[in-house]
>>> print(open('upload.cif').read())   # mmCIF, C-alpha atoms
data_coords
#
loop_
_atom_site.label_atom_id
_atom_site.label_comp_id
_atom_site.auth_asym_id
_atom_site.auth_seq_id
_atom_site.Cartn_x
_atom_site.Cartn_y
_atom_site.Cartn_z
CA MET A 452 1.46 -41.87 -40.26
CA SER A 453 0.29 -43.94 -43.23
CA SER A 454 1.64 -47.45 -43.92
CA GLY A 455 4.72 -48.14 -45.99
CA VAL A 456 8.46 -47.81 -45.60
CA ARG A 457 9.40 -45.28 -42.95
CA GLY A 458 11.54 -42.28 -43.95
CA VAL A 459 14.16 -40.81 -41.64
CA ILE A 460 16.21 -37.75 -42.63
CA VAL A 461 19.51 -37.19 -40.81
CA CYS A 462 21.31 -33.91 -41.51
CA HIS A 463 23.54 -31.22 -40.13
CA ALA A 464 22.01 -28.34 -38.16
CA GLY A 465 18.32 -27.72 -39.03
CA LEU A 466 18.36 -29.03 -42.59
CA ALA A 467 16.29 -32.19 -41.96
CA ALA A 468 13.46 -30.29 -40.28
CA SER A 469 13.46 -27.72 -43.08
CA LEU A 470 13.28 -30.44 -45.72
CA VAL A 471 10.32 -32.03 -43.93
CA GLU A 472 8.62 -28.64 -43.78
CA ALA A 473 9.18 -28.15 -47.51
CA VAL A 474 7.87 -31.65 -48.32
CA ASN A 475 4.80 -30.96 -46.24
CA GLN A 476 4.19 -27.63 -47.94
CA ILE A 477 4.27 -29.26 -51.38
CA SER A 478 2.65 -32.62 -50.69
CA GLY A 479 0.89 -32.47 -47.35
CA LEU A 480 2.75 -35.69 -46.50
CA GLY A 481 5.51 -34.36 -44.29
CA ASP A 482 4.33 -36.56 -41.44
CA VAL A 483 5.75 -39.70 -43.09
CA LEU A 484 9.27 -38.34 -42.59
CA VAL A 485 11.12 -38.09 -39.28
CA PRO A 486 13.83 -35.38 -39.10
CA VAL A 487 16.99 -35.92 -37.06
CA SER A 488 19.62 -33.25 -36.43
CA ASN A 489 23.21 -33.87 -35.44
CA GLU A 490 23.22 -30.61 -33.48
CA GLY A 491 24.93 -31.00 -30.12
CA CYS A 492 25.54 -34.72 -30.58
CA ASP A 493 28.59 -36.86 -30.17
CA ARG A 494 28.50 -39.99 -32.28
CA ASP A 495 26.76 -42.11 -29.63
CA LEU A 496 23.97 -39.62 -28.98
CA LEU A 497 23.38 -39.17 -32.71
CA ARG A 498 23.18 -42.92 -33.12
CA ASP A 499 20.60 -43.01 -30.30
CA ARG A 500 18.53 -40.32 -32.01
CA ILE A 501 18.57 -42.28 -35.26
CA ALA A 502 17.59 -45.50 -33.49
CA GLU A 503 14.65 -43.76 -31.86
CA ALA A 504 13.53 -42.28 -35.19
CA LEU A 505 13.85 -45.60 -36.99
CA GLY A 506 11.76 -47.70 -34.65
CA PRO A 507 11.21 -51.33 -35.63
CA ASP A 508 9.78 -50.77 -39.12
CA PRO A 509 11.54 -51.08 -42.50
CA ALA A 510 13.00 -47.70 -43.39
CA VAL A 511 14.97 -45.54 -45.77
CA VAL A 512 17.47 -43.21 -44.11
CA PHE A 513 18.31 -40.07 -46.07
CA VAL A 514 21.54 -38.29 -45.11
CA ASP A 515 23.11 -35.10 -46.42
CA LEU A 516 26.81 -35.84 -46.88
CA PRO A 517 28.38 -39.14 -47.86
CA THR A 518 31.35 -38.40 -45.57
CA GLY A 519 29.74 -36.80 -42.56
CA SER A 520 28.85 -37.67 -39.00
CA CYS A 521 25.22 -38.25 -40.03
CA MET A 522 26.23 -40.93 -42.52
CA MET A 523 28.63 -42.56 -40.08
CA ALA A 524 26.07 -42.65 -37.28
CA ALA A 525 23.45 -44.12 -39.64
CA LEU A 526 25.86 -46.80 -40.81
CA ARG A 527 26.76 -47.66 -37.23
CA GLU A 528 23.10 -47.98 -36.27
CA LEU A 529 22.12 -49.99 -39.35
CA LYS A 530 24.94 -52.43 -38.76
CA GLY A 531 22.37 -54.10 -36.51
CA ALA A 532 19.29 -55.95 -37.68
CA HIS A 533 17.39 -53.03 -39.15
CA ASP A 534 15.74 -53.59 -42.52
CA ALA A 535 16.82 -50.26 -43.96
CA SER A 536 18.68 -48.57 -46.79
CA ILE A 537 20.67 -45.34 -46.80
CA VAL A 538 20.52 -42.67 -49.50
CA THR A 539 23.14 -39.89 -49.42
CA GLY A 540 22.91 -36.40 -50.88
CA VAL A 541 19.31 -35.91 -49.84
CA ASN A 542 17.32 -33.38 -51.85
CA LEU A 543 13.71 -32.29 -52.13
CA PRO A 544 12.83 -34.16 -55.36
CA MET A 545 13.91 -37.50 -53.94
CA LEU A 546 11.90 -36.94 -50.78
CA LEU A 547 8.79 -36.07 -52.80
CA GLU A 548 9.18 -39.26 -54.81
CA PHE A 549 9.59 -41.19 -51.60
CA VAL A 550 6.56 -39.87 -49.72
CA PHE A 551 4.27 -40.73 -52.63
CA HIS A 552 5.77 -44.18 -53.29
CA ARG A 553 6.69 -45.97 -50.08
CA ASP A 554 5.59 -49.43 -51.14
CA GLY A 555 7.92 -52.42 -51.54
CA THR A 556 11.20 -52.95 -49.74
CA PRO A 557 13.52 -50.23 -48.41
CA ASP A 558 15.96 -51.03 -51.23
CA GLU A 559 13.23 -50.52 -53.84
CA ALA A 560 12.00 -47.28 -52.29
CA ALA A 561 15.59 -46.04 -51.93
CA GLY A 562 16.32 -46.84 -55.57
CA ARG A 563 13.32 -44.87 -56.77
CA ALA A 564 14.22 -41.92 -54.54
CA ARG A 565 17.81 -41.94 -55.75
CA ALA A 566 16.69 -41.95 -59.38
CA ALA A 567 14.32 -39.03 -58.82
CA GLY A 568 16.93 -37.06 -56.91
CA THR A 569 19.58 -37.61 -59.53
CA GLU A 570 17.25 -36.87 -62.45
CA ALA A 571 16.32 -33.54 -60.87
CA ILE A 572 19.87 -32.21 -61.02
CA ARG A 573 20.18 -30.23 -64.24
CA VAL A 574 22.33 -27.42 -65.51
CA SER A 575 20.68 -24.82 -67.73
CA MET B 1078 56.11 -30.88 -40.57
CA ALA B 1079 53.56 -33.39 -41.86
CA VAL B 1080 51.01 -33.16 -39.05
CA ALA B 1081 49.16 -29.91 -39.61
CA LEU B 1082 46.53 -30.37 -36.92
CA TYR B 1083 46.20 -32.27 -33.65
CA ARG B 1084 42.46 -32.34 -33.01
CA ILE B 1085 40.14 -33.67 -30.30
CA ASP B 1086 36.71 -34.42 -31.77
CA ASP B 1087 34.30 -36.97 -30.37
CA ARG B 1088 32.63 -37.38 -33.77
CA LEU B 1089 35.99 -38.66 -35.02
CA ILE B 1090 36.09 -38.62 -38.84
CA HIS B 1091 33.31 -36.41 -40.20
CA GLY B 1092 32.62 -33.46 -42.46
CA GLN B 1093 34.37 -30.77 -40.44
CA VAL B 1094 37.55 -32.83 -40.45
CA VAL B 1095 37.73 -34.22 -43.97
CA ILE B 1096 35.94 -31.40 -45.79
CA SER B 1097 36.51 -28.12 -43.89
CA TRP B 1098 39.94 -28.72 -42.36
CA GLY B 1099 40.85 -31.12 -45.14
CA GLN B 1100 40.44 -28.47 -47.81
CA PHE B 1101 41.82 -25.62 -45.72
CA LEU B 1102 45.03 -27.42 -44.82
CA GLY B 1103 45.41 -29.61 -47.89
CA VAL B 1104 45.17 -32.75 -45.78
CA ARG B 1105 46.03 -36.05 -47.45
CA LEU B 1106 46.16 -38.29 -44.38
CA VAL B 1107 43.97 -38.69 -41.30
CA ILE B 1108 45.44 -40.60 -38.36
CA LEU B 1109 42.67 -41.71 -36.03
CA VAL B 1110 43.97 -42.65 -32.59
CA ASP B 1111 41.22 -44.47 -30.77
CA ASP B 1112 41.52 -47.73 -28.85
CA GLY B 1113 37.86 -48.60 -29.39
CA VAL B 1114 37.93 -48.15 -33.16
CA MET B 1115 41.26 -49.97 -33.28
CA GLU B 1116 39.51 -53.06 -31.92
CA ALA B 1117 36.51 -52.84 -34.27
CA GLN B 1118 37.40 -53.81 -37.83
CA TRP B 1119 33.86 -53.13 -39.04
CA GLU B 1120 34.07 -49.58 -37.74
CA GLN B 1121 37.40 -49.04 -39.49
CA ASP B 1122 35.76 -50.26 -42.70
CA LEU B 1123 32.98 -47.70 -42.21
CA TYR B 1124 35.43 -44.86 -41.76
CA ARG B 1125 37.36 -45.93 -44.84
CA THR B 1126 34.19 -45.60 -46.89
CA ALA B 1127 33.80 -42.04 -45.61
CA MET B 1128 37.21 -40.85 -46.81
CA PRO B 1129 37.13 -38.56 -49.84
CA PRO B 1130 39.26 -39.42 -52.87
CA GLY B 1131 42.92 -38.63 -52.35
CA MET B 1132 42.78 -38.84 -48.57
CA ASP B 1133 44.10 -41.87 -46.68
CA VAL B 1134 43.37 -42.99 -43.15
CA ILE B 1135 45.51 -44.80 -40.57
CA PHE B 1136 44.02 -46.32 -37.43
CA ALA B 1137 46.09 -46.68 -34.30
CA GLY B 1138 45.76 -47.46 -30.61
CA THR B 1139 47.09 -44.97 -28.09
CA GLU B 1140 50.27 -46.83 -27.18
CA ASP B 1141 51.14 -47.55 -30.81
CA ALA B 1142 50.48 -43.94 -31.79
CA CYS B 1143 52.77 -42.58 -29.07
CA SER B 1144 55.71 -44.46 -30.59
CA LYS B 1145 54.81 -43.89 -34.25
CA LEU B 1146 54.15 -40.17 -34.06
CA PRO B 1147 57.73 -39.19 -35.06
CA ALA B 1148 57.42 -41.32 -38.21
CA TRP B 1149 54.06 -39.79 -39.07
CA GLU B 1150 55.55 -36.33 -38.63
CA ALA B 1151 58.14 -37.32 -41.24
CA ASP B 1152 55.49 -38.49 -43.72
CA PRO B 1153 55.39 -36.15 -46.75
CA ARG B 1154 51.59 -36.08 -46.72
CA ARG B 1155 49.92 -33.31 -44.69
CA ALA B 1156 48.07 -35.01 -41.88
CA VAL B 1157 45.51 -34.56 -39.13
CA VAL B 1158 45.96 -36.54 -35.93
CA LEU B 1159 42.54 -37.09 -34.44
CA THR B 1160 41.50 -38.37 -31.01
CA GLY B 1161 38.00 -38.73 -29.61
CA ASP B 1162 38.85 -37.63 -26.09
CA VAL B 1163 41.17 -35.51 -23.96
CA PRO B 1164 43.13 -38.30 -22.20
CA THR B 1165 44.26 -39.85 -25.49
CA MET B 1166 45.56 -36.54 -26.84
CA ALA B 1167 47.20 -35.77 -23.50
CA GLU B 1168 49.00 -39.11 -23.67
CA LEU B 1169 50.23 -38.41 -27.19
CA ALA B 1170 51.54 -35.01 -26.11
CA ARG B 1171 53.17 -36.37 -22.96
CA HIS B 1172 55.17 -38.91 -24.99
CA ASN B 1173 56.01 -36.45 -27.77
CA PRO B 1174 56.48 -33.04 -26.16
CA THR B 1175 58.58 -31.69 -28.99
CA LEU B 1176 56.06 -32.66 -31.66
CA VAL B 1177 52.66 -31.73 -30.26
CA LYS B 1178 52.84 -27.95 -30.00
CA GLU B 1179 49.17 -27.09 -30.38
CA VAL B 1180 45.95 -29.00 -29.70
CA ASN B 1181 42.71 -28.09 -31.44
CA LEU B 1182 39.48 -28.61 -29.47
CA GLY B 1183 37.10 -29.35 -32.31
CA GLY B 1184 34.11 -31.00 -30.71
CA ILE B 1185 33.44 -32.48 -27.29
CA HIS B 1186 29.71 -32.74 -26.76
CA HIS B 1187 27.38 -32.89 -23.81
CA ARG B 1188 27.43 -35.78 -21.40
CA PRO B 1189 26.48 -35.90 -17.74
CA GLY B 1190 29.15 -34.15 -15.68
CA ARG B 1191 30.30 -31.86 -18.47
CA THR B 1192 29.76 -28.09 -18.44
CA LYS B 1193 29.13 -26.05 -21.58
CA ARG B 1194 32.10 -23.90 -22.59
CA LEU B 1195 31.10 -23.29 -26.21
CA PRO B 1196 28.20 -24.63 -28.32
CA TYR B 1197 30.46 -27.46 -29.51
CA LEU B 1198 32.58 -27.84 -26.41
CA TYR B 1199 31.58 -29.34 -23.07
CA LEU B 1200 34.19 -30.33 -20.48
CA THR B 1201 34.26 -32.01 -17.09
CA GLU B 1202 36.46 -30.43 -14.45
CA ASP B 1203 38.88 -33.32 -14.90
CA GLU B 1204 39.07 -32.79 -18.68
CA LEU B 1205 39.62 -29.07 -18.12
CA SER B 1206 42.37 -29.84 -15.61
CA GLN B 1207 44.12 -32.17 -18.08
CA LEU B 1208 43.99 -29.51 -20.78
CA GLN B 1209 45.32 -26.89 -18.36
CA SER B 1210 48.20 -29.22 -17.53
CA LEU B 1211 48.92 -29.58 -21.23
CA GLN B 1212 48.94 -25.81 -21.59
CA LYS B 1213 51.30 -25.44 -18.63
CA SER B 1214 53.66 -27.94 -20.24
CA GLY B 1215 53.97 -25.66 -23.25
CA VAL B 1216 51.25 -26.98 -25.56
CA ARG B 1217 48.91 -24.30 -26.88
CA VAL B 1218 45.28 -25.42 -26.46
CA VAL B 1219 42.80 -23.68 -28.74
CA ALA B 1220 39.09 -24.25 -29.43
CA GLN B 1221 38.09 -23.88 -33.07
CA ASP B 1222 35.54 -26.14 -34.73
CA VAL B 1223 36.03 -24.99 -38.34
CA PRO B 1224 38.78 -22.93 -40.03
CA SER B 1225 36.55 -19.89 -40.52
CA ALA B 1226 35.62 -19.70 -36.83
CA GLY B 1227 37.49 -17.63 -34.28
CA ARG B 1228 40.21 -19.28 -32.21
CA LYS B 1229 39.51 -19.33 -28.48
CA ASP B 1230 42.32 -19.95 -26.05
CA LEU B 1231 41.72 -22.42 -23.25
CA LYS B 1232 42.11 -19.62 -20.68
CA ALA B 1233 38.90 -18.06 -21.99
CA LEU B 1234 36.97 -21.28 -21.45
CA ALA B 1235 37.75 -22.06 -17.81
#
>>> encode(input="upload.cif", output="structure tokens")
Amino acid sequence: MSSGVRGVIVCHAGLAASLVEAVNQISGLGDVLVPVSNEGCDRDLLRDRIAEALGPDPAVVFVDLPTGSCMMAALRELKGAHDASIVTGVNLPMLLEFVFHRDGTPDEAAGRARAAGTEAIRVS
Amino acid sequence: MAVALYRIDDRLIHGQVVISWGQFLGVRLVILVDDGVMEAQWEQDLYRTAMPPGMDVIFAGTEDACSKLPAWEADPRRAVVLTGDVPTMAELARHNPTLVKEVNLGGIHHRPGRTKRLPYLYLTEDELSQLQSLQKSGVRVVAQDVPSAGRKDLKALA
């Protein structure tokens, strides 16, 4: 994995792994993202999975829903000393922005990802 | 009746509760009965941030909830009473036998000592026994994680 802010994706069912696969297909940089599923987890086990995926490095955690178990588990884990930011409503454009621009702080990387993800939502 | 669902779910407040059941039942109030969360203000703050617009949350310890359940039943808002484990829900039902008529098993996940009953439901023999006692006392015990899923009676899970 190349240097820079770590990316962890926490989603329901198999969504995180599928997003990583899609990022890899487009960019070849899927290995900078760690997928975490909430499948079969109570809140403590999910928190453990997130902690393991985070490791000690600065990170951005992408979650699917702003009201779901993934978000809650991430918030519980990041209540500790982790240098990390959370972005909700994960989508492919924000992940592509992130994997190409992981420099700076987690807050900076999260802000860029959020902007790219929001900008990509259009109605034609 | 204000309480539309009595649910056991070890993920506590999450998408299935506030989105799926919330929309299906028109829920406006979630009552989370959990002694651990009751003692952790920071965790209560987290759960408050997770509530969708128009839906309130009340936190309560087990003992407090046993006495306040009649008042919550009289609240005009449609509510979900949520516990994270079987003993807490059993205690609520024991103190309020005329109010708790059905318990929804929404999610109890794997831990050592538990046996898989459904993909989202693992129970120890003791938990199963407590639920069977509830059923014998007249409370219907049904497993159903989301509204669109089939309802499975406890007898089918033993």
>>> residues_around(input="upload.cif", residues="Gly1138 of chain B", least_positions_apart="6", cutoff="6 Å", atoms="all atoms listed in the file", output="number ranges by chain")
B: 1110-1112, 1115
>>> residues_around(input="upload.cif", residues="Leu547 of chain A", least_positions_apart="2", cutoff="10 Å", atoms="only C-alpha atoms", output="mmCIF file with C-alpha atoms, keeping the file's coordinate frame")
data_model
loop_
_atom_site.group_PDB
_atom_site.id
_atom_site.type_symbol
_atom_site.label_atom_id
_atom_site.label_comp_id
_atom_site.auth_asym_id
_atom_site.auth_seq_id
_atom_site.Cartn_x
_atom_site.Cartn_y
_atom_site.Cartn_z
ATOM 1 C CA VAL A 471 10.320 -32.030 -43.930
ATOM 2 C CA ALA A 473 9.180 -28.150 -47.510
ATOM 3 C CA VAL A 474 7.870 -31.650 -48.320
ATOM 4 C CA ASN A 475 4.800 -30.960 -46.240
ATOM 5 C CA ILE A 477 4.270 -29.260 -51.380
ATOM 6 C CA SER A 478 2.650 -32.620 -50.690
ATOM 7 C CA LEU A 480 2.750 -35.690 -46.500
ATOM 8 C CA GLY A 481 5.510 -34.360 -44.290
ATOM 9 C CA ASN A 542 17.320 -33.380 -51.850
ATOM 10 C CA LEU A 543 13.710 -32.290 -52.130
ATOM 11 C CA PRO A 544 12.830 -34.160 -55.360
ATOM 12 C CA MET A 545 13.910 -37.500 -53.940
ATOM 13 C CA PHE A 549 9.590 -41.190 -51.600
ATOM 14 C CA VAL A 550 6.560 -39.870 -49.720
ATOM 15 C CA PHE A 551 4.270 -40.730 -52.630
ATOM 16 C CA HIS A 552 5.770 -44.180 -53.290
ATOM 17 C CA ALA A 564 14.220 -41.920 -54.540
ATOM 18 C CA ALA A 567 14.320 -39.030 -58.820
ATOM 19 C CA GLY A 568 16.930 -37.060 -56.910
#
>>> closest_residue(input="upload.cif", among="B:Pro1153, B:Pro1130, B:Gly1190, B:Pro1164", to="chain A", atoms="all atoms listed in the file")
B:Pro1130
>>> resolve_selection(input="upload.cif", expression="the PyMOL selection byres ((chain B) within 7 of (chain A))", output="ChimeraX atom specification")
/B:1087-1088,1091-1092,1127-1128,1186,1197
>>> write_last_selection(input="upload.cif", atoms="C-alpha atoms", output="tab-separated table (two decimals), in the coordinates of the input")
chain	number	residue	atom	x	y	z
B	1087	ASP	CA	34.30	-36.97	-30.37
B	1088	ARG	CA	32.63	-37.38	-33.77
B	1091	HIS	CA	33.31	-36.41	-40.20
B	1092	GLY	CA	32.62	-33.46	-42.46
B	1127	ALA	CA	33.80	-42.04	-45.61
B	1128	MET	CA	37.21	-40.85	-46.81
B	1186	HIS	CA	29.71	-32.74	-26.76
B	1197	TYR	CA	30.46	-27.46	-29.51
>>> residues_near_point(input="upload.cif", point="(46.0, -40.8, -55.8)", cutoff="12 Å", atoms="all atoms listed in the file", output="MDAnalysis selection string")
chainID B and resid 1105:1106 1129:1133 1154
>>> resolve_selection(input="upload.cif", expression="the PyMOL selection byres ((chain A and resi 484) around 7)", output="ChimeraX atom specification")
/A:457-460,471,481-483,485-486
>>> write_last_selection(input="upload.cif", atoms="C-alpha atoms", output="CSV table (one decimal), keeping the file's coordinate frame")
chain,number,residue,atom,x,y,z
A,457,ARG,CA,9.4,-45.3,-43.0
A,458,GLY,CA,11.5,-42.3,-44.0
A,459,VAL,CA,14.2,-40.8,-41.6
A,460,ILE,CA,16.2,-37.8,-42.6
A,471,VAL,CA,10.3,-32.0,-43.9
A,481,GLY,CA,5.5,-34.4,-44.3
A,482,ASP,CA,4.3,-36.6,-41.4
A,483,VAL,CA,5.8,-39.7,-43.1
A,485,VAL,CA,11.1,-38.1,-39.3
A,486,PRO,CA,13.8,-35.4,-39.1
>>> resolve_selection(input="upload.cif", expression="the PyMOL selection byres ((chain B and resi 1200-1207) around 9)", output="number ranges by chain")
B: 1162-1164, 1167, 1185-1194, 1198-1199, 1208-1212, 1231, 1234-1235
>>> write_last_selection(input="upload.cif", atoms="C-alpha atoms", output="compact mmCIF listing (two decimals), keeping the file's coordinate frame")
# COMPACT_ATOMS: atom_id res chain seq x y z
CA ASP B 1162 38.85 -37.63 -26.09
CA VAL B 1163 41.17 -35.51 -23.96
CA PRO B 1164 43.13 -38.30 -22.20
CA ALA B 1167 47.20 -35.77 -23.50
CA ILE B 1185 33.44 -32.48 -27.29
CA HIS B 1186 29.71 -32.74 -26.76
CA HIS B 1187 27.38 -32.89 -23.81
CA ARG B 1188 27.43 -35.78 -21.40
CA PRO B 1189 26.48 -35.90 -17.74
CA GLY B 1190 29.15 -34.15 -15.68
CA ARG B 1191 30.30 -31.86 -18.47
CA THR B 1192 29.76 -28.09 -18.44
CA LYS B 1193 29.13 -26.05 -21.58
CA ARG B 1194 32.10 -23.90 -22.59
CA LEU B 1198 32.58 -27.84 -26.41
CA TYR B 1199 31.58 -29.34 -23.07
CA LEU B 1208 43.99 -29.51 -20.78
CA GLN B 1209 45.32 -26.89 -18.36
CA SER B 1210 48.20 -29.22 -17.53
CA LEU B 1211 48.92 -29.58 -21.23
CA GLN B 1212 48.94 -25.81 -21.59
CA LEU B 1231 41.72 -22.42 -23.25
CA LEU B 1234 36.97 -21.28 -21.45
CA ALA B 1235 37.75 -22.06 -17.81
>>> residues_around(input="upload.cif", residues="Gln1121 of chain B", least_positions_apart="6", cutoff="10 Å", atoms="all atoms listed in the file", output="list in words")
Leu1109, Val1114, Met1115, Ala1127, Val1134, Ile1135 and Phe1136 of chain B
>>> build_atoms(input="upload.cif", residues="segment 530-543 of chain A", atoms="N, CA, C and O atoms", output="compact mmCIF listing (two decimals), in the frame of the given file")
# COMPACT_ATOMS: atom_id res chain seq x y z
N LYS A 530 24.14 -51.21 -38.81
CA LYS A 530 24.94 -52.43 -38.76
C LYS A 530 24.16 -53.53 -38.04
O LYS A 530 24.42 -54.72 -38.23
N GLY A 531 23.20 -53.14 -37.23
CA GLY A 531 22.37 -54.10 -36.51
C GLY A 531 21.38 -54.78 -37.45
O GLY A 531 21.64 -54.95 -38.62
N ALA A 532 20.23 -55.13 -36.92
CA ALA A 532 19.29 -55.95 -37.68
C ALA A 532 18.25 -55.14 -38.44
O ALA A 532 17.30 -55.71 -38.96
N HIS A 533 18.41 -53.83 -38.49
CA HIS A 533 17.39 -53.03 -39.15
C HIS A 533 17.26 -53.37 -40.64
O HIS A 533 18.25 -53.56 -41.33
N ASP A 534 16.01 -53.42 -41.10
CA ASP A 534 15.74 -53.59 -42.52
C ASP A 534 15.65 -52.19 -43.11
O ASP A 534 14.58 -51.58 -43.14
N ALA A 535 16.79 -51.66 -43.53
CA ALA A 535 16.82 -50.26 -43.96
C ALA A 535 17.89 -50.04 -45.01
O ALA A 535 18.87 -50.77 -45.09
N SER A 536 17.69 -49.00 -45.80
CA SER A 536 18.68 -48.57 -46.79
C SER A 536 19.04 -47.12 -46.54
O SER A 536 18.23 -46.37 -45.98
N ILE A 537 20.23 -46.72 -46.97
CA ILE A 537 20.67 -45.34 -46.80
C ILE A 537 20.83 -44.69 -48.17
O ILE A 537 21.41 -45.29 -49.08
N VAL A 538 20.33 -43.47 -48.29
CA VAL A 538 20.52 -42.67 -49.50
C VAL A 538 21.26 -41.40 -49.09
O VAL A 538 20.81 -40.68 -48.20
N THR A 539 22.38 -41.11 -49.75
CA THR A 539 23.14 -39.89 -49.42
C THR A 539 22.76 -38.76 -50.39
O THR A 539 22.13 -38.99 -51.41
N GLY A 540 23.17 -37.56 -50.02
CA GLY A 540 22.91 -36.40 -50.88
C GLY A 540 21.44 -36.05 -50.96
O GLY A 540 20.93 -35.71 -52.04
N VAL A 541 20.76 -36.12 -49.84
CA VAL A 541 19.31 -35.91 -49.84
C VAL A 541 18.93 -34.58 -50.49
O VAL A 541 19.59 -33.57 -50.30
N ASN A 542 17.87 -34.63 -51.29
CA ASN A 542 17.32 -33.38 -51.85
C ASN A 542 15.80 -33.48 -51.90
O ASN A 542 15.21 -34.55 -51.66
N LEU A 543 15.18 -32.36 -52.18
CA LEU A 543 13.71 -32.29 -52.13
C LEU A 543 13.03 -33.21 -53.15
O LEU A 543 12.07 -33.91 -52.80
